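Coordinates from start.cif are shown below (mmCIF, C-alpha atoms).
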data_entry
#
loop_
_atom_site.label_atom_id
_atom_site.label_comp_id
_atom_site.auth_asym_id
_atom_site.auth_seq_id
_atom_site.Cartn_x
_atom_site.Cartn_y
_atom_site.Cartn_z
CA MET A 1 44.18 1.24 16.03
CA GLN A 2 42.19 3.33 13.57
CA ASN A 3 38.42 2.92 13.70
CA TYR A 4 36.36 1.79 10.72
CA ASP A 5 35.19 5.30 9.73
CA GLU A 6 38.76 6.62 9.71
CA ILE A 7 39.89 3.77 7.49
CA MET A 8 37.00 4.24 5.08
CA LYS A 9 38.18 7.81 4.54
CA LYS A 10 41.30 6.28 2.98
CA GLU A 11 39.25 4.55 0.29
CA LEU A 12 39.88 6.41 -2.97
CA TYR A 13 37.53 4.41 -5.18
CA ASN A 14 35.58 1.21 -5.46
CA THR A 15 34.29 -0.85 -8.36
CA LYS A 16 31.97 -3.80 -8.90
CA TYR A 17 34.58 -6.20 -7.49
CA GLY A 18 37.10 -4.18 -5.50
CA ARG A 19 38.42 -1.07 -3.78
CA LEU A 20 41.64 0.88 -3.53
CA PHE A 21 42.93 2.53 -0.35
CA VAL A 22 45.53 5.28 -0.06
CA GLY A 23 47.90 4.79 2.85
CA ASP A 24 50.68 2.75 4.39
CA SER A 25 50.07 -0.91 3.54
CA VAL A 26 51.59 -2.23 6.76
CA GLU A 27 49.45 0.06 8.93
CA LEU A 28 46.27 -0.67 6.98
CA SER A 29 46.99 -4.39 7.02
CA LYS A 30 47.47 -4.46 10.77
CA SER A 31 44.52 -2.22 11.59
CA TYR A 32 41.89 -3.02 8.95
CA LEU A 33 42.75 -6.11 6.94
CA CYS A 34 43.85 -8.26 9.88
CA ARG A 35 40.63 -7.33 11.68
CA TYR A 36 38.13 -7.85 8.86
CA TYR A 37 39.99 -10.07 6.36
CA LYS A 38 42.02 -12.48 8.46
CA ASN A 39 42.53 -15.74 6.52
CA LYS A 40 40.34 -14.39 3.69
CA PHE A 41 42.71 -13.69 0.77
CA ASN A 42 43.16 -16.48 -1.76
CA LEU A 43 46.01 -14.62 -3.42
CA ILE A 44 48.36 -11.82 -2.45
CA ILE A 45 50.25 -10.70 -5.55
CA THR A 46 52.53 -7.71 -5.52
CA SER A 47 55.74 -6.10 -6.68
CA PRO A 48 57.12 -4.29 -3.61
CA PRO A 49 59.64 -1.47 -4.00
CA PHE A 50 62.93 -2.99 -5.14
CA PRO A 51 66.06 -2.49 -2.96
CA LEU A 52 67.70 -0.16 -5.49
CA ASN A 53 70.75 1.95 -4.71
CA ASN A 54 69.14 5.05 -6.21
CA LYS A 55 66.15 6.34 -4.27
CA LYS A 56 62.92 6.37 -6.26
CA ARG A 57 59.78 8.36 -5.72
CA TYR A 58 57.83 5.20 -4.96
CA GLY A 59 59.76 4.85 -1.71
CA ASN A 60 62.34 2.07 -1.92
CA LEU A 61 64.44 1.42 1.18
CA GLN A 62 68.01 0.16 1.08
CA GLY A 63 70.35 -2.32 2.75
CA ASN A 64 69.56 -3.63 6.22
CA GLU A 65 66.67 -1.20 6.57
CA TYR A 66 65.03 -2.83 3.54
CA TYR A 67 65.71 -6.34 4.87
CA GLU A 68 64.16 -5.63 8.26
CA TRP A 69 61.11 -4.04 6.63
CA PHE A 70 60.71 -6.90 4.16
CA ILE A 71 60.87 -9.84 6.57
CA LYS A 72 58.35 -8.19 8.92
CA LEU A 73 55.80 -8.59 6.11
CA ALA A 74 55.82 -12.38 6.58
CA PRO A 75 53.47 -12.67 9.60
CA ILE A 76 51.14 -10.04 8.11
CA PHE A 77 50.82 -11.87 4.81
CA SER A 78 50.51 -15.24 6.55
CA SER A 79 47.63 -14.03 8.73
CA LEU A 80 45.75 -12.67 5.71
CA LEU A 81 46.02 -15.75 3.48
CA THR A 82 43.54 -18.60 3.44
CA ASP A 83 45.03 -21.95 4.38
CA ASP A 84 45.33 -22.83 0.68
CA GLY A 85 46.15 -19.29 -0.44
CA SER A 86 49.28 -18.09 -2.25
CA LEU A 87 51.67 -15.17 -2.01
CA VAL A 88 53.34 -14.11 -5.28
CA ILE A 89 56.13 -11.53 -5.13
CA GLU A 90 58.03 -10.05 -8.09
CA ILE A 91 61.39 -8.54 -7.18
CA GLY A 92 64.45 -7.45 -9.14
CA ASN A 93 68.14 -7.85 -8.54
CA ALA A 94 70.16 -5.41 -6.43
CA TRP A 95 73.78 -4.32 -6.71
CA GLU A 96 76.31 -3.29 -4.08
CA GLN A 97 76.65 0.47 -3.73
CA GLY A 98 79.46 1.74 -5.97
CA ARG A 99 80.66 -1.78 -6.83
CA PRO A 100 80.17 -4.02 -9.89
CA VAL A 101 79.03 -6.78 -7.56
CA GLN A 102 75.52 -8.19 -7.37
CA SER A 103 73.97 -7.91 -3.93
CA LEU A 104 72.62 -10.91 -2.06
CA LEU A 105 69.94 -8.75 -0.46
CA HIS A 106 67.03 -10.11 -2.50
CA LEU A 107 68.05 -13.69 -1.62
CA GLU A 108 68.47 -12.79 2.05
CA CYS A 109 64.99 -11.24 1.93
CA LEU A 110 63.51 -14.42 0.49
CA LEU A 111 65.15 -16.58 3.14
CA GLY A 112 64.16 -14.13 5.88
CA LEU A 113 60.57 -14.17 4.67
CA VAL A 114 60.11 -17.95 4.51
CA LYS A 115 62.13 -18.59 7.69
CA ASN A 116 60.37 -15.97 9.78
CA GLN A 117 59.38 -17.82 12.96
CA HIS A 118 56.21 -15.75 13.29
CA ALA A 119 54.86 -16.99 9.95
CA ASP A 120 54.38 -20.42 8.41
CA LEU A 121 55.53 -19.83 4.84
CA ARG A 122 57.45 -21.87 2.31
CA LEU A 123 58.74 -21.31 -1.24
CA ILE A 124 56.57 -23.34 -3.63
CA GLN A 125 58.34 -22.43 -6.88
CA GLU A 126 60.49 -19.69 -8.38
CA PHE A 127 59.72 -18.12 -11.75
CA VAL A 128 61.97 -15.94 -13.88
CA CYS A 129 60.49 -13.08 -15.88
CA TYR A 130 62.82 -12.32 -18.80
CA ASN A 131 62.50 -8.98 -20.56
CA PRO A 132 65.10 -8.26 -23.28
CA SER A 133 63.65 -4.75 -23.76
CA ARG A 134 64.77 -3.56 -20.33
CA LEU A 135 67.15 -0.64 -20.39
CA PRO A 136 70.81 -1.55 -19.70
CA SER A 137 71.48 -1.63 -15.98
CA PRO A 138 73.41 -1.10 -13.82
CA ALA A 139 74.38 1.68 -16.24
CA GLN A 140 77.78 2.46 -14.70
CA TRP A 141 79.07 -1.05 -15.23
CA VAL A 142 77.14 -1.98 -18.38
CA THR A 143 77.16 1.08 -20.68
CA ILE A 144 80.01 3.19 -19.26
CA ASN A 145 82.71 0.82 -18.00
CA ARG A 146 81.45 -2.05 -20.19
CA ILE A 147 82.36 -4.74 -17.68
CA ARG A 148 78.95 -6.30 -16.94
CA THR A 149 76.02 -7.57 -19.00
CA VAL A 150 72.47 -6.23 -19.01
CA ASP A 151 70.33 -7.21 -16.01
CA SER A 152 67.28 -8.38 -17.96
CA TYR A 153 65.10 -10.40 -15.61
CA THR A 154 63.18 -10.30 -12.35
CA HIS A 155 62.47 -13.04 -9.84
CA VAL A 156 58.91 -14.12 -9.14
CA TRP A 157 58.49 -16.11 -5.93
CA TRP A 158 55.43 -18.26 -5.37
CA ILE A 159 55.08 -18.74 -1.61
CA ALA A 160 52.33 -20.35 0.47
CA LYS A 161 51.25 -21.45 3.96
CA SER A 162 50.67 -25.01 2.76
CA ASP A 163 52.66 -27.45 0.65
CA PHE A 164 49.54 -27.79 -1.48
CA PRO A 165 48.03 -24.35 -2.14
CA LYS A 166 45.10 -24.06 -4.53
CA ALA A 167 46.49 -24.28 -8.07
CA ASP A 168 45.47 -25.70 -11.45
CA ASN A 169 47.93 -25.58 -14.34
CA THR A 170 45.22 -26.64 -16.78
CA LYS A 171 43.89 -23.08 -16.46
CA VAL A 172 47.08 -21.63 -17.94
CA LEU A 173 47.98 -24.05 -20.74
CA ARG A 174 50.16 -22.80 -23.58
CA PRO A 175 49.21 -23.40 -27.21
CA TYR A 176 51.02 -26.41 -28.65
CA SER A 177 53.99 -25.74 -30.89
CA LYS A 178 53.60 -26.59 -34.58
CA LYS A 179 55.95 -29.53 -34.06
CA MET A 180 53.87 -30.86 -31.20
CA LEU A 181 50.64 -30.52 -33.18
CA ARG A 182 52.18 -32.59 -35.99
CA LEU A 183 53.31 -35.17 -33.43
CA ILE A 184 49.81 -35.47 -31.95
CA ASP A 185 48.30 -35.69 -35.42
CA LYS A 186 50.65 -38.40 -36.71
CA LYS A 187 51.05 -40.19 -33.36
CA LYS A 188 54.55 -41.21 -34.40
CA PHE A 189 57.44 -40.55 -32.04
CA ASN A 190 60.36 -42.30 -30.41
CA ALA A 191 59.05 -44.02 -27.30
CA GLY A 192 61.16 -45.71 -24.68
CA LYS A 193 63.97 -44.60 -22.38
CA ARG A 194 65.72 -41.35 -23.19
CA PRO A 195 69.34 -40.37 -22.27
CA SER A 196 67.82 -38.29 -19.45
CA GLU A 197 66.41 -41.61 -18.10
CA HIS A 198 62.84 -40.42 -18.70
CA LYS A 199 60.62 -43.19 -20.03
CA ILE A 200 58.31 -42.11 -22.84
CA SER A 201 55.29 -44.37 -23.21
CA GLN A 202 53.71 -45.36 -26.53
CA LYS A 203 50.74 -43.07 -25.77
CA ALA A 204 52.63 -40.14 -24.22
CA PHE A 205 51.97 -37.70 -27.06
CA ALA A 206 48.88 -39.28 -28.57
CA LYS A 207 46.30 -37.21 -26.72
CA ASN A 208 45.46 -33.56 -27.30
CA ASN A 209 45.09 -32.00 -23.84
CA GLY A 210 44.31 -28.53 -25.16
CA GLY A 211 47.83 -27.22 -24.77
CA SER A 212 51.14 -27.77 -23.04
CA ILE A 213 51.93 -27.09 -19.40
CA ALA A 214 53.30 -23.60 -18.78
CA HIS A 215 56.98 -23.14 -17.93
CA ASN A 216 58.43 -21.16 -15.04
CA LEU A 217 60.31 -18.89 -17.46
CA PHE A 218 58.19 -16.00 -18.69
CA GLU A 219 59.31 -14.52 -21.99
CA LEU A 220 58.19 -10.93 -22.43
CA GLU A 221 59.61 -11.25 -25.92
CA THR A 222 60.70 -14.34 -27.81
CA LEU A 223 64.11 -15.83 -27.03
CA ASP A 224 64.22 -17.37 -30.50
CA PRO A 225 63.20 -15.13 -33.44
CA SER A 226 62.39 -18.23 -35.50
CA ARG A 227 59.42 -19.03 -33.29
CA GLU A 228 56.64 -17.11 -31.60
CA VAL A 229 56.16 -16.72 -27.87
CA ARG A 230 53.63 -19.30 -26.72
CA LEU A 231 51.65 -17.74 -23.91
CA PRO A 232 48.74 -19.34 -22.06
CA HIS A 233 45.53 -19.06 -24.08
CA ASN A 234 43.79 -16.68 -21.69
CA VAL A 235 46.75 -14.52 -20.64
CA LEU A 236 47.26 -11.10 -22.21
CA SER A 237 50.40 -10.39 -24.20
CA PHE A 238 53.48 -10.25 -22.01
CA SER A 239 55.40 -7.81 -24.20
CA ASN A 240 56.56 -5.03 -21.91
CA SER A 241 57.34 -2.77 -24.88
CA ILE A 242 53.67 -2.38 -25.80
CA SER A 243 52.90 1.30 -25.34
CA ASN A 244 49.40 1.54 -26.74
CA ASP A 245 47.27 0.23 -23.90
CA TYR A 246 44.57 2.57 -22.61
CA TYR A 247 46.41 3.50 -19.40
CA LEU A 248 49.57 4.65 -21.18
CA LYS A 249 47.63 6.45 -23.91
CA ARG A 250 45.71 8.42 -21.31
CA CYS A 251 48.89 9.21 -19.40
CA ARG A 252 50.44 10.63 -22.57
CA ASN A 253 47.32 12.58 -23.52
CA ASP A 254 46.89 14.01 -20.00
CA ASN A 255 50.61 14.78 -19.62
CA ILE A 256 50.97 12.38 -16.70
CA SER A 257 54.10 10.36 -16.00
CA PRO A 258 53.04 6.72 -15.59
CA HIS A 259 54.27 4.69 -12.66
CA PRO A 260 57.88 3.72 -13.51
CA ALA A 261 57.76 0.20 -12.07
CA ARG A 262 54.46 -1.28 -13.23
CA MET A 263 53.93 -4.99 -12.74
CA HIS A 264 53.02 -6.45 -16.11
CA SER A 265 49.40 -7.37 -16.67
CA GLY A 266 50.33 -10.66 -18.33
CA LEU A 267 52.17 -11.73 -15.21
CA VAL A 268 49.25 -10.79 -12.97
CA ASN A 269 46.71 -12.50 -15.24
CA PHE A 270 48.76 -15.69 -15.26
CA PHE A 271 48.82 -16.07 -11.47
CA ILE A 272 45.21 -14.98 -10.98
CA GLU A 273 44.08 -17.61 -13.49
CA PHE A 274 46.50 -20.23 -12.13
CA LEU A 275 45.86 -19.79 -8.40
CA THR A 276 42.30 -18.47 -8.00
CA ARG A 277 38.74 -18.90 -9.22
CA GLU A 278 35.98 -16.39 -9.93
CA ASN A 279 34.92 -14.41 -6.85
CA ASP A 280 38.07 -15.36 -4.92
CA LEU A 281 39.71 -12.49 -3.05
CA VAL A 282 42.99 -10.91 -4.25
CA LEU A 283 45.22 -8.37 -2.47
CA ASP A 284 47.98 -6.08 -3.73
CA PRO A 285 49.50 -4.13 -0.82
CA PHE A 286 51.86 -2.13 -3.08
CA ALA A 287 49.49 -1.31 -5.90
CA GLY A 288 51.35 1.38 -7.85
CA SER A 289 49.18 1.91 -10.94
CA ASN A 290 46.88 -0.88 -9.70
CA THR A 291 47.52 -3.41 -12.44
CA THR A 292 46.38 -6.11 -10.01
CA GLY A 293 43.00 -4.50 -9.34
CA TYR A 294 42.45 -3.95 -13.05
CA CYS A 295 43.27 -7.56 -13.95
CA ALA A 296 41.25 -8.95 -11.06
CA GLU A 297 38.25 -6.85 -12.12
CA LYS A 298 38.47 -8.16 -15.68
CA LEU A 299 38.72 -11.74 -14.43
CA LYS A 300 35.82 -11.32 -11.97
CA ARG A 301 37.85 -11.68 -8.80
CA LYS A 302 37.18 -9.60 -5.72
CA TRP A 303 40.15 -7.40 -4.85
CA ILE A 304 41.68 -4.88 -2.47
CA SER A 305 44.65 -2.71 -3.37
CA ILE A 306 46.69 -0.31 -1.24
CA GLU A 307 48.96 2.44 -2.55
CA ALA A 308 50.96 4.81 -0.36
CA ASP A 309 51.48 7.52 -2.99
CA SER A 310 48.27 9.49 -3.54
CA GLY A 311 49.44 10.66 -6.97
CA TYR A 312 49.93 7.15 -8.32
CA ALA A 313 46.68 6.09 -6.66
CA HIS A 314 44.70 8.88 -8.36
CA ASN A 315 46.29 8.11 -11.71
CA SER A 316 45.30 4.45 -11.39
CA ILE A 317 41.67 5.56 -11.77
CA ILE A 318 42.46 5.84 -15.48
CA ARG A 319 42.56 2.05 -15.77
CA PHE A 320 38.90 1.77 -14.78
CA GLU A 321 37.75 4.53 -17.15
CA GLU A 322 38.51 2.40 -20.21
CA PRO A 323 35.44 2.90 -22.48
CA SER A 324 34.85 -0.82 -23.09
CA PHE A 325 35.22 -1.65 -19.42
CA ASP A 326 32.09 -1.53 -17.26
CA SER A 327 33.75 -1.46 -13.84
CA LYS A 328 31.01 0.59 -12.10
CA LEU A 329 33.70 2.93 -10.83
CA LYS A 330 32.81 5.14 -7.85
CA VAL A 331 35.38 7.65 -6.64
CA SER A 332 35.34 9.04 -3.10
CA THR A 333 34.96 12.81 -3.09
CA HIS A 334 36.80 13.25 0.23
CA LEU A 335 40.08 12.23 -1.45
CA GLY A 336 39.81 14.55 -4.39
CA GLY A 337 37.15 13.11 -6.68
CA ASP A 338 37.58 11.68 -10.15
CA SER A 339 38.37 15.05 -11.70
CA VAL A 340 41.73 15.15 -9.90
CA ARG A 341 44.84 13.83 -11.62
CA LYS A 342 48.13 14.13 -9.76
CA GLN A 343 50.96 15.24 -12.01
CA THR A 344 53.93 12.95 -11.42
#
What do you get writing this file as structure tokens?
Amino acid sequence: MQNYDEIMKKELYNTKYGRLFVGDSVELSKSYLCRYYKNKFNLIITSPPFPLNNKKRYGNLQGNEYYEWFIKLAPIFSSLLTDDGSLVIEIGNAWEQGRPVQSLLHLECLLGLVKNQHADLRLIQEFVCYNPSRLPSPAQWVTINRIRTVDSYTHVWWIAKSDFPKADNTKVLRPYSKKMLRLIDKKKFNAGKRPSEHKISQKAFAKNNGGSIAHNLFELETLDPSREVRLPHNVLSFSNSISNDYYLKRCRNDNISPHPARMHSGLVNFFIEFLTRENDLVLDPFAGSNTTGYCAEKLKRKWISIEADSGYAHNSIIRFEEPSFDSKLKVSTHLGGDSVRKQT
């Protein structure tokens, strides 16, 4: 096991609320986090490398090798979470090598994770993150052979150690639709038993609760052009096509290739607001461009992020150099200093 001083040499930077380490997340979790942060994290939110057929720079494994690696994360995550903490994982679909057949690997990974006998985890709820702007994939079967449709969503699994993890959906209410606002204003609607067998009381829609309860389908863009996307009041825009945020602008200006598989800030903000409170502790073991750390910092949550690729880790410093953002960034000189930008 690495000693404390050796681990601290892996810290690339720290801020008012958090710190980012460069290294293997499994090794650092077993040696450092499990020693000093056992049962301390209120939320682990991450987008691990997807089990893609084409190897990516960010280090995705494949097939059985991926499955074995993935399910071994279960006892590590379980030991780090508080008793009422949550684990949120975003993962995409996989396809069989050379075949127009969707793989079951991501589902096998989910089952392997929650059924791991060395961890006490259960699936609380599944969310779907729909993004119509995603490029057509798998390209061979969608754009060349034209025999499959575009794979346009990712799975988001909300997992926990308890049946009742800390959560409050009043923190992520959506604005009411115009129709609902009229209904509340007029207080006239059809009460009674519906065909679905739901019973609507005379007062069901008479009270303004500040917004409607969020759904487990995230629209990165509207499904219906006749209406606008109704996102929770305090969650940043979900649109994944927005290319003018500070991080991407700096990447373009500095001739840096941004991380190709960034978790969307709107998604991270939603779960941080939904599942934690100020000063709670958040972990992202596969940080990439460190969207999680950035969002946690903005929302005044303590955080730790780990990224294996030093280039992506260095580039994530950009997020905390945003002029309007007083993050009190301090970069460790032994890992290159803040003047270093890794060209990717």
Which value, in Å to one decimal, gives the distance between CA of Phe41 (chain A) and CA of His155 (chain A)?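 If I compute the distance from CA of Phe41 (chain A) to CA of His155 (chain A), I get 22.4 Å.
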Point (57.4, -15.2, 8.7), cut-off 8 Å, counting all atoms listed in the file, residues as a ChimeraX atom specification: /A:71-75,78,112-121
I'd like a table as a Markdown table: residues in region 58-128 of chain A with an atom no more than 10 Å from region 274-288 of chain A, each row giving the shortest atom pair and its distance in Å to one decimal, all atoms listed in the file counted, sorted by chain and rising residue number.
| residue | atom | partner | partner_atom | distance |
| --- | --- | --- | --- | --- |
| A:Tyr58 | CA | A:Gly288 | CA | 8.1 |
| A:Phe77 | CA | A:Pro285 | CA | 9.7 |
| A:Leu80 | CA | A:Leu283 | CA | 9.3 |
| A:Leu81 | CA | A:Leu283 | CA | 9.5 |
| A:Thr82 | CA | A:Leu281 | CA | 9.7 |
| A:Asp84 | CA | A:Leu275 | CA | 9.6 |
| A:Gly85 | CA | A:Leu275 | CA | 8.0 |
| A:Ser86 | CA | A:Leu275 | CA | 7.2 |
| A:Leu87 | CA | A:Leu283 | CA | 9.4 |
| A:Val88 | CA | A:Asp284 | CA | 9.8 |
| A:Ile89 | CA | A:Asp284 | CA | 9.9 |
Extract, using only C-alpha atoms, all DNA, RNA and protein residues at most 9 Å from region 328-334 of chain A, discarding same-chain residues fewer than 2 positions from it, and format them as a list of chain:residue names. A:Lys9, A:Lys10, A:Glu11, A:Leu12, A:Tyr13, A:Asn14, A:Thr15, A:Lys16, A:Tyr17, A:Ile317, A:Phe320, A:Glu321, A:Phe325, A:Asp326, A:Gly336, A:Gly337, A:Asp338
Residues matched by the PyMOL selection byres ((chain A and resi 176) around 6) as a PyMOL selection string: chain A and resi 175+177+180+211-212
Give the answer as one residue: which of A:Ser31, A:Ser327, A:Ser152, A:Thr292 has the shortest atom-to-atom distance to Phe218 (chain A), using all atoms listed in the file?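 Closest to Phe218 (chain A) of all the choices is A:Ser152.
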What's the 10 Å shell around Leu104 (chain A), counting only C-alpha atoms, without same-chain residues fewer than 6 positions away, as a ChimeraX atom specification? /A:93-96
Just the selected residues (C-alpha atoms), exported as a compact mmCIF listing (two decimals), in the coordinates of the input, please.
# COMPACT_ATOMS: atom_id res chain seq x y z
CA ASN A 93 68.14 -7.85 -8.54
CA ALA A 94 70.16 -5.41 -6.43
CA TRP A 95 73.78 -4.32 -6.71
CA GLU A 96 76.31 -3.29 -4.08
Point out the residue among A:Leu299, A:Ala139, A:Met263, A:Leu123 with the least atom-to-atom distance to Pro48 (chain A), counting all atoms listed in the file. A:Met263
